[in-house]
$ cat protein-v5.tsv   # TSV, C-alpha atoms and all ligand atoms
chain	number	residue	atom	x	y	z
A	1	MET	CA	-75.28	3.55	9.64
A	2	ILE	CA	-77.27	2.14	12.55
A	3	CYS	CA	-78.89	3.50	15.71
A	4	LEU	CA	-76.28	3.88	18.43
A	5	SER	CA	-78.80	2.79	21.01
A	6	CYS	CA	-80.78	-0.15	19.54
A	7	ASP	CA	-78.82	-1.04	16.38
A	8	SER	CA	-81.92	-0.42	14.23
A	9	LYS	CA	-81.38	0.62	10.63
A	10	ASN	CA	-84.54	2.77	10.63
A	11	ILE	CA	-82.73	6.01	11.20
A	12	ARG	CA	-83.17	9.26	9.27
A	13	PRO	CA	-82.19	12.90	9.48
A	14	ARG	CA	-84.85	15.17	11.02
A	15	LYS	CA	-84.87	18.83	11.90
A	16	ILE	CA	-85.74	19.15	15.55
A	17	LYS	CA	-85.60	21.68	18.33
A	18	CYS	CA	-82.21	21.61	20.01
A	19	GLU	CA	-80.67	23.46	22.91
A	20	GLY	CA	-77.13	24.35	23.77
A	21	GLU	CA	-74.99	26.87	25.53
A	22	ILE	CA	-72.96	29.75	24.08
A	23	LYS	CA	-70.99	32.15	26.25
A	24	GLY	CA	-72.91	30.97	29.31
A	25	GLU	CA	-76.29	31.52	27.67
A	26	ARG	CA	-78.95	28.90	26.87
A	27	VAL	CA	-79.66	29.04	23.15
A	28	GLU	CA	-82.30	27.24	21.09
A	29	THR	CA	-81.98	26.17	17.49
A	30	ILE	CA	-83.81	24.03	14.96
A	31	SER	CA	-81.08	21.75	13.73
A	32	GLU	CA	-80.74	18.46	11.96
A	33	LYS	CA	-80.20	15.33	14.04
A	34	THR	CA	-80.31	11.67	13.17
A	35	VAL	CA	-83.40	10.08	14.73
A	36	CYS	CA	-84.17	6.41	15.21
A	37	ASP	CA	-87.75	5.50	14.23
A	38	ASP	CA	-87.71	2.41	16.45
A	39	CYS	CA	-86.43	3.65	19.80
A	40	GLY	CA	-86.74	7.40	19.34
A	41	GLU	CA	-83.12	8.06	20.23
A	42	SER	CA	-81.49	10.98	18.46
A	43	PHE	CA	-77.84	11.65	17.84
A	44	LEU	CA	-75.54	13.88	15.81
A	45	THR	CA	-73.21	12.75	13.05
A	46	GLU	CA	-69.90	14.55	12.72
A	47	ILE	CA	-71.26	16.86	10.01
A	48	GLN	CA	-74.50	17.46	11.92
A	49	MET	CA	-72.47	18.32	15.03
A	50	ALA	CA	-70.51	20.99	13.14
A	51	GLU	CA	-73.73	22.43	11.70
A	52	PHE	CA	-75.46	22.33	15.06
A	53	ARG	CA	-72.63	24.28	16.68
A	54	ARG	CA	-72.76	26.84	13.88
A	55	ASP	CA	-76.57	27.08	14.26
A	56	LEU	CA	-76.13	27.69	17.99
A	57	ALA	CA	-73.59	30.42	17.37
A	58	ASP	CA	-75.86	32.01	14.74
A	59	SER	CA	-78.85	31.89	17.04
A	60	TYR	CA	-76.78	33.67	19.69
A	61	ARG	CA	-75.52	36.19	17.10
A	62	THR	CA	-79.02	36.96	15.87
A	63	SER	CA	-80.33	37.61	19.37
A	64	HIS	CA	-77.35	39.86	20.10
A	65	GLU	CA	-77.63	41.71	16.77
A	66	LEU	CA	-74.33	40.41	15.49
A	67	LEU	CA	-73.69	39.31	11.91
A	68	THR	CA	-74.39	35.60	11.35
A	69	SER	CA	-71.86	33.21	9.81
A	70	LYS	CA	-73.79	33.41	6.55
A	71	GLN	CA	-73.78	37.21	6.47
A	72	ILE	CA	-70.03	37.34	7.12
A	73	LYS	CA	-69.49	34.89	4.29
A	74	GLU	CA	-71.74	36.90	1.97
A	75	TYR	CA	-69.83	40.11	2.69
A	76	ARG	CA	-66.53	38.34	2.10
A	77	ASN	CA	-67.74	36.83	-1.17
A	78	ARG	CA	-68.99	40.20	-2.35
A	79	LEU	CA	-65.42	41.50	-2.04
A	80	GLY	CA	-64.10	38.37	-3.74
A	81	LEU	CA	-61.65	37.65	-0.91
A	82	ASN	CA	-60.63	34.37	0.66
A	83	GLN	CA	-60.92	33.94	4.44
A	84	ILE	CA	-57.31	34.87	5.16
A	85	ASP	CA	-57.27	38.00	2.99
A	86	PHE	CA	-60.59	39.11	4.44
A	87	ALA	CA	-59.21	38.62	7.98
A	88	ARG	CA	-56.12	40.67	7.09
A	89	MET	CA	-58.22	43.42	5.56
A	90	ILE	CA	-60.09	43.98	8.82
A	91	GLY	CA	-57.00	43.54	10.97
A	92	ALA	CA	-57.98	40.19	12.51
A	93	GLY	CA	-55.85	37.07	12.92
A	94	ASP	CA	-55.52	34.80	9.88
A	95	SER	CA	-57.80	32.06	11.17
A	96	SER	CA	-60.52	34.31	12.67
A	97	VAL	CA	-62.76	34.52	9.63
A	98	LYS	CA	-62.65	30.79	9.14
A	99	ARG	CA	-63.85	30.41	12.74
A	100	TRP	CA	-66.52	33.12	12.47
A	101	GLU	CA	-67.94	31.43	9.40
A	102	SER	CA	-68.42	28.35	11.55
A	103	ASN	CA	-69.17	28.28	15.28
A	104	ARG	CA	-67.08	31.03	16.81
A	105	VAL	CA	-68.89	34.27	17.73
A	106	GLN	CA	-66.96	37.37	16.62
A	107	ASP	CA	-66.23	40.20	19.06
A	108	ARG	CA	-68.48	43.20	18.62
A	109	VAL	CA	-65.54	45.37	17.58
A	110	TYR	CA	-64.88	43.11	14.56
A	111	ASP	CA	-68.59	42.99	13.83
A	112	THR	CA	-68.56	46.78	13.57
A	113	ILE	CA	-65.45	46.80	11.39
A	114	ILE	CA	-66.98	44.26	8.99
A	115	ARG	CA	-70.18	46.30	8.67
A	116	ALA	CA	-68.25	49.53	8.23
A	117	ARG	CA	-66.11	47.99	5.48
A	118	CYS	CA	-68.81	45.96	3.71
A	119	ASP	CA	-72.17	47.68	4.15
A	120	PRO	CA	-72.41	51.19	2.66
A	121	SER	CA	-75.84	51.76	4.21
A	122	TYR	CA	-74.38	51.08	7.68
A	123	MET	CA	-71.93	53.96	7.22
A	124	SER	CA	-74.58	56.18	5.74
A	125	ASP	CA	-76.90	55.49	8.70
A	126	ASN	CA	-74.06	56.35	11.06
A	127	ILE	CA	-73.55	59.71	9.41
A	128	VAL	CA	-77.21	60.52	10.03
A	129	ILE	CA	-77.05	59.23	13.62
A	130	ASN	CA	-73.90	61.31	14.15
A	131	MET	CA	-75.70	64.39	12.88
A	132	GLU	CA	-77.77	64.09	16.02
A	133	ASP	CA	-75.12	62.77	18.43
A	134	LEU	CA	-72.54	65.34	17.39
A	135	ALA	CA	-75.03	68.14	16.75
A	136	THR	CA	-73.54	71.55	17.36
A	137	GLU	CA	-75.06	74.96	17.80
A	138	ASP	CA	-73.09	77.24	15.53
A	139	GLU	CA	-73.57	79.64	12.67
A	140	TYR	CA	-73.94	76.74	10.20
A	141	THR	CA	-76.75	75.04	12.12
A	142	GLY	CA	-78.26	78.38	13.04
A	143	PHE	CA	-77.55	77.88	16.75
A	144	CYS	CA	-79.97	74.96	17.01
A	145	LYS	CA	-79.19	71.30	17.64
A	146	PHE	CA	-80.39	68.97	14.91
A	147	ARG	CA	-82.93	66.45	16.15
A	148	LEU	CA	-84.11	63.78	13.73
A	149	ALA	CA	-87.53	63.41	15.41
A	150	ARG	CA	-88.21	67.13	15.11
A	151	TYR	CA	-86.99	67.16	11.53
A	152	ILE	CA	-89.49	64.43	10.63
A	153	LYS	CA	-92.29	66.33	12.39
A	154	LEU	CA	-91.42	69.44	10.38
A	155	LEU	CA	-91.59	67.43	7.17
A	156	ALA	CA	-94.96	66.04	8.26
A	157	CYS	CA	-96.16	69.61	8.25
A	158	ILE	CA	-94.65	70.64	4.90
A	159	VAL	CA	-94.64	67.56	2.68
A	160	PRO	CA	-98.45	67.27	2.28
A	161	PHE	CA	-98.24	70.58	0.33
A	162	ALA	CA	-94.76	70.20	-1.20
A	163	SER	CA	-93.95	66.52	-1.68
A	164	SER	CA	-90.71	66.77	-3.66
A	165	PRO	CA	-87.36	67.48	-1.94
A	166	LEU	CA	-86.79	70.16	-4.58
A	167	TYR	CA	-89.59	72.11	-2.90
A	168	PHE	CA	-89.93	70.91	0.69
A	169	PHE	CA	-86.31	71.70	1.53
A	170	LYS	CA	-86.85	75.27	0.36
A	171	VAL	CA	-89.88	75.65	2.59
A	172	LEU	CA	-87.88	74.26	5.50
A	173	PHE	CA	-85.11	76.75	4.77
A	174	ILE	CA	-87.61	79.62	4.78
A	175	MET	CA	-88.86	78.46	8.19
A	176	ASP	CA	-85.32	78.21	9.52
A	177	GLU	CA	-84.27	81.58	8.19
A	178	LYS	CA	-87.41	83.32	9.42
A	179	HIS	CA	-87.05	81.94	12.92
A	180	PHE	CA	-83.37	82.77	12.95
A	181	ARG	CA	-84.01	86.38	11.96
A	182	LYS	CA	-86.72	86.86	14.55
A	183	PHE	CA	-85.48	84.74	17.44
A	184	GLY	CA	-81.77	84.04	16.82
A	185	SER	CA	-81.95	80.31	16.09
A	186	THR	CA	-83.23	78.00	13.38
A	187	ILE	CA	-85.88	75.33	13.97
A	188	SER	CA	-84.40	72.27	12.29
A	189	GLY	CA	-80.70	72.68	13.12
A	190	LEU	CA	-79.82	71.43	9.63
A	191	ARG	CA	-76.73	72.65	7.80
A	192	TYR	CA	-77.61	73.94	4.35
A	193	ALA	CA	-75.41	74.01	1.28
A	194	ALA	CA	-75.89	76.68	-1.38
A	195	LEU	CA	-76.52	74.60	-4.48
A	196	GLU	CA	-77.59	75.85	-7.90
A	197	TYR	CA	-81.17	74.86	-7.26
A	198	GLY	CA	-81.32	76.62	-3.94
A	199	PRO	CA	-80.49	75.99	-0.29
A	200	VAL	CA	-80.45	72.25	0.37
A	201	PRO	CA	-79.55	70.37	3.58
A	202	ASP	CA	-76.00	69.07	3.56
A	203	ASP	CA	-76.07	65.25	3.18
A	204	TYR	CA	-79.74	65.45	2.18
A	205	ARG	CA	-79.60	62.21	0.20
A	206	ARG	CA	-78.42	60.28	3.25
A	207	ILE	CA	-81.11	61.81	5.44
A	208	ASN	CA	-83.80	60.98	2.89
A	209	GLU	CA	-82.53	57.43	2.52
A	210	TYR	CA	-82.44	57.05	6.27
A	211	ILE	CA	-85.99	58.18	6.91
A	212	VAL	CA	-87.31	55.93	4.15
A	213	LYS	CA	-85.26	52.93	5.26
A	214	HIS	CA	-86.43	53.31	8.85
A	215	GLY	CA	-90.09	53.75	7.91
A	216	TYR	CA	-90.54	57.44	8.81
A	217	ALA	CA	-91.33	58.23	5.19
A	218	SER	CA	-92.21	56.47	1.95
A	219	THR	CA	-91.50	57.48	-1.59
A	220	LYS	CA	-94.22	57.94	-4.18
A	221	GLY	CA	-93.10	57.86	-7.79
A	222	MET	CA	-89.71	59.26	-8.73
A	223	HIS	CA	-89.49	62.38	-6.57
A	224	ASN	CA	-92.33	62.52	-4.09
A	225	PHE	CA	-92.37	61.72	-0.42
A	226	VAL	CA	-95.08	60.77	2.03
A	227	ILE	CA	-94.32	61.23	5.73
A	228	ASN	CA	-95.67	58.42	7.88
A	229	THR	CA	-96.12	60.47	11.01
A	230	LYS	CA	-98.17	63.48	12.08
A	231	PHE	CA	-97.01	66.97	12.91
A	232	ASP	CA	-97.03	67.52	16.65
A	233	SER	CA	-96.90	71.14	17.83
A	234	THR	CA	-96.08	70.13	21.43
A	235	GLU	CA	-92.54	69.30	20.34
A	236	PHE	CA	-91.92	72.91	19.37
A	237	THR	CA	-91.77	76.18	21.27
A	238	ASP	CA	-94.38	78.91	20.85
A	239	SER	CA	-92.10	81.02	18.67
A	240	GLU	CA	-91.28	77.98	16.52
A	241	ASN	CA	-94.96	77.14	16.14
A	242	GLU	CA	-95.69	80.73	15.12
A	243	VAL	CA	-93.15	80.57	12.30
A	244	ILE	CA	-94.16	77.04	11.27
A	245	GLU	CA	-97.76	78.22	10.98
A	246	GLU	CA	-96.85	81.38	9.13
A	247	VAL	CA	-94.72	79.58	6.53
A	248	THR	CA	-97.18	76.70	6.12
A	249	LYS	CA	-99.87	79.28	5.41
A	250	LEU	CA	-97.61	80.92	2.83
A	251	LEU	CA	-97.00	77.52	1.22
A	252	LYS	CA	-100.72	76.70	1.10
A	253	GLU	CA	-101.69	80.07	-0.33
A	254	LYS	CA	-98.85	80.79	-2.74
A	255	GLY	CA	-97.69	77.27	-3.58
A	256	GLU	CA	-94.42	75.42	-3.63
A	257	LYS	CA	-92.98	77.18	-6.68
A	258	TYR	CA	-93.38	80.54	-4.98
A	259	CYS	CA	-91.47	79.24	-1.93
A	260	TYR	CA	-88.80	77.85	-4.23
A	261	GLU	CA	-88.28	81.29	-5.81
A	262	LYS	CA	-88.42	82.94	-2.40
A	263	SER	CA	-85.60	80.77	-1.04
A	264	HIS	CA	-83.37	81.90	-3.91
A	265	GLU	CA	-83.90	85.52	-2.90
A	266	SER	CA	-82.52	84.91	0.59
A	267	ASN	CA	-79.42	86.97	1.31
A	268	LEU	CA	-77.94	84.15	3.36
A	269	TYR	CA	-78.19	81.97	0.26
A	270	LYS	CA	-77.00	84.63	-2.16
A	271	THR	CA	-73.93	85.53	-0.14
A	272	ALA	CA	-72.79	81.93	0.46
A	273	SER	CA	-70.06	80.60	-1.79
A	274	PRO	CA	-71.39	78.20	-4.44
A	275	TYR	CA	-71.65	74.66	-3.04
A	276	GLY	CA	-70.43	75.96	0.31
A	277	LEU	CA	-72.32	75.86	3.58
A	278	ILE	CA	-74.72	78.69	4.36
A	279	LYS	CA	-73.88	80.73	7.45
A	280	PHE	CA	-76.71	81.98	9.62
A	281	VAL	CA	-75.54	85.51	10.37
A	282	LYS	CA	-77.47	88.69	10.90
B	301	ZN	ZN	-82.86	3.10	18.02
$ encode --input "protein-v5.tsv" --output "structure tokens"
Amino acid sequence: MICLSCDSKNIRPRKIKCEGEIKGERVETISEKTVCDDCGESFLTEIQMAEFRRDLADSYRTSHELLTSKQIKEYRNRLGLNQIDFARMIGAGDSSVKRWESNRVQDRVYDTIIRARCDPSYMSDNIVINMEDLATEDEYTGFCKFRLARYIKLLACIVPFASSPLYFFKVLFIMDEKHFRKFGSTISGLRYAALEYGPVPDDYRRINEYIVKHGYASTKGMHNFVINTKFDSTEFTDSENEVIEEVTKLLKEKGEKYCYEKSHESNLYKTASPYGLIKFVK
């Protein structure tokens, strides 16, 4: 092959900054071109052109938080499907996946379907996000809307003295029940299930995974948590702060095991059906 501009044979592939346009947007990539050492001219071979167009599409996808061609291919390979079967599985046209794995940007609706079908953590995250978006005030939530930010603040208050979920959930339940009895609503808005080892938030594993994955908490050893944020009393009402203080004091003085036992003595817990949701009723 020779330089298209000066016929020199001193040409070689080099990765250089390139620019292009996708969906009316200027996009930059670092892509391979063939560069002439003599005249400095650069050009794309047929293969380089295909790769450049895919790079452009991927650059666009990354900046718009869409799956890249590589990610789509990885998901497809994980399911062991060819491009046509994968397209059929998600309800897209037969040739769509082939195009998405090269230079065609997928619609956001297909992007969502692919994540929902191929990434379990995406679904799990959505369940936690929905807990907040679809939060209800009823007898299961104790007439309080669940708010993730407040939940994390509550943990920041409890976890330094009860770092395992086995214990900190019980302390949280005591807070919720106490506030409900005195003031008619819980503090966290969590739904609790009556499990053998006490009242535990419904979907607690997903919530724990979520807060670790998104950096609100870290795990220490097998069972212990560290919360990476500070308790902030301004996010709670006076009555909530009263109960939070009261129960934290109880935890500090009597210890986590005491709170664990205490949560088992709750009538709300004892009258719930095993593995069923606990109703906050007076
Ligand atoms: Zn040249």
$ residues_near_ligand --input "protein-v5.tsv" --ligand "ligand ZN 301 (chain B)" --cutoff "10 Å" --atoms "all atoms listed in the file" --output "MDAnalysis selection string"
chainID A and resid 2:11 35:43
$ closest_residue --input "protein-v5.tsv" --among "A:Ala87, A:Thr229, A:Ile22, A:Glu74" --to "Asp55 of chain A" --atoms "all atoms listed in the file"
A:Ile22
$ residues_around --input "protein-v5.tsv" --residues "segment 154-168 of chain A" --least-positions-apart "6" --cutoff "7 Å" --atoms "all atoms listed in the file" --output "list in words"
His223, Asn224, Phe225, Val226, Ile227, Thr229, Lys230, Phe231, Thr248, Lys252, Glu256 and Tyr260 of chain A
$ residues_around --input "protein-v5.tsv" --residues "Pro201 of chain A" --least-positions-apart "5" --cutoff "6 Å" --atoms "only C-alpha atoms" --output "PyMOL selection string"
chain A and resi 191-193
$ residues_near_point --input "protein-v5.tsv" --point "(-93.4, 76.6, 8.4)" --cutoff "7 Å" --atoms "only C-alpha atoms" --output "PyMOL selection string"
chain A and resi 171-172+175+243-248
$ write_last_selection --input "protein-v5.tsv" --atoms "C-alpha atoms" --output "PDB file, in the frame of the given file"
ATOM      1  CA  VAL A 171     -89.880  75.650   2.590  1.00  0.00           C
ATOM      2  CA  LEU A 172     -87.880  74.260   5.500  1.00  0.00           C
ATOM      3  CA  MET A 175     -88.860  78.460   8.190  1.00  0.00           C
ATOM      4  CA  VAL A 243     -93.150  80.570  12.300  1.00  0.00           C
ATOM      5  CA  ILE A 244     -94.160  77.040  11.270  1.00  0.00           C
ATOM      6  CA  GLU A 245     -97.760  78.220  10.980  1.00  0.00           C
ATOM      7  CA  GLU A 246     -96.850  81.380   9.130  1.00  0.00           C
ATOM      8  CA  VAL A 247     -94.720  79.580   6.530  1.00  0.00           C
ATOM      9  CA  THR A 248     -97.180  76.700   6.120  1.00  0.00           C
TER      10      THR A 248
END
$ atom_distance --input "protein-v5.tsv" --atom1 "atom CA of Phe52 of chain A" --atom2 "atom CA of Glu25 of chain A"
15.6 Å
$ atom_distance --input "protein-v5.tsv" --atom1 "atom CA of Lys254 of chain A" --atom2 "atom CA of Ile152 of chain A"
23.1 Å
$ residues_around --input "protein-v5.tsv" --residues "Asp94 of chain A" --least-positions-apart "5" --cutoff "12 Å" --atoms "all atoms listed in the file" --output "ChimeraX atom specification"
/A:82-89,99-100
$ write_last_selection --input "protein-v5.tsv" --atoms "C-alpha atoms" --output "tab-separated table (two decimals), keeping the file's coordinate frame"
chain	number	residue	atom	x	y	z
A	82	ASN	CA	-60.63	34.37	0.66
A	83	GLN	CA	-60.92	33.94	4.44
A	84	ILE	CA	-57.31	34.87	5.16
A	85	ASP	CA	-57.27	38.00	2.99
A	86	PHE	CA	-60.59	39.11	4.44
A	87	ALA	CA	-59.21	38.62	7.98
A	88	ARG	CA	-56.12	40.67	7.09
A	89	MET	CA	-58.22	43.42	5.56
A	99	ARG	CA	-63.85	30.41	12.74
A	100	TRP	CA	-66.52	33.12	12.47
$ residues_around --input "protein-v5.tsv" --residues "Arg108 of chain A" --least-positions-apart "5" --cutoff "12 Å" --atoms "all atoms listed in the file" --output "PDB file with C-alpha atoms, keeping the file's coordinate frame"
ATOM      1  CA  ARG A  61     -75.520  36.190  17.100  1.00  0.00           C
ATOM      2  CA  HIS A  64     -77.350  39.860  20.100  1.00  0.00           C
ATOM      3  CA  GLU A  65     -77.630  41.710  16.770  1.00  0.00           C
ATOM      4  CA  LEU A  66     -74.330  40.410  15.490  1.00  0.00           C
ATOM      5  CA  LEU A  67     -73.690  39.310  11.910  1.00  0.00           C
ATOM      6  CA  TRP A 100     -66.520  33.120  12.470  1.00  0.00           C
ATOM      7  CA  ILE A 113     -65.450  46.800  11.390  1.00  0.00           C
ATOM      8  CA  ILE A 114     -66.980  44.260   8.990  1.00  0.00           C
ATOM      9  CA  ARG A 115     -70.180  46.300   8.670  1.00  0.00           C
TER      10      ARG A 115
END
$ closest_residue --input "protein-v5.tsv" --among "A:Tyr110, A:Tyr197, A:Asp125, A:His179" --to "His214 of chain A" --atoms "only C-alpha atoms"
A:Asp125
$ residues_around --input "protein-v5.tsv" --residues "Gly142 of chain A" --least-positions-apart "6" --cutoff "10 Å" --atoms "only C-alpha atoms" --output "ChimeraX atom specification"
/A:136,176-177,179-181,184-192,278-281
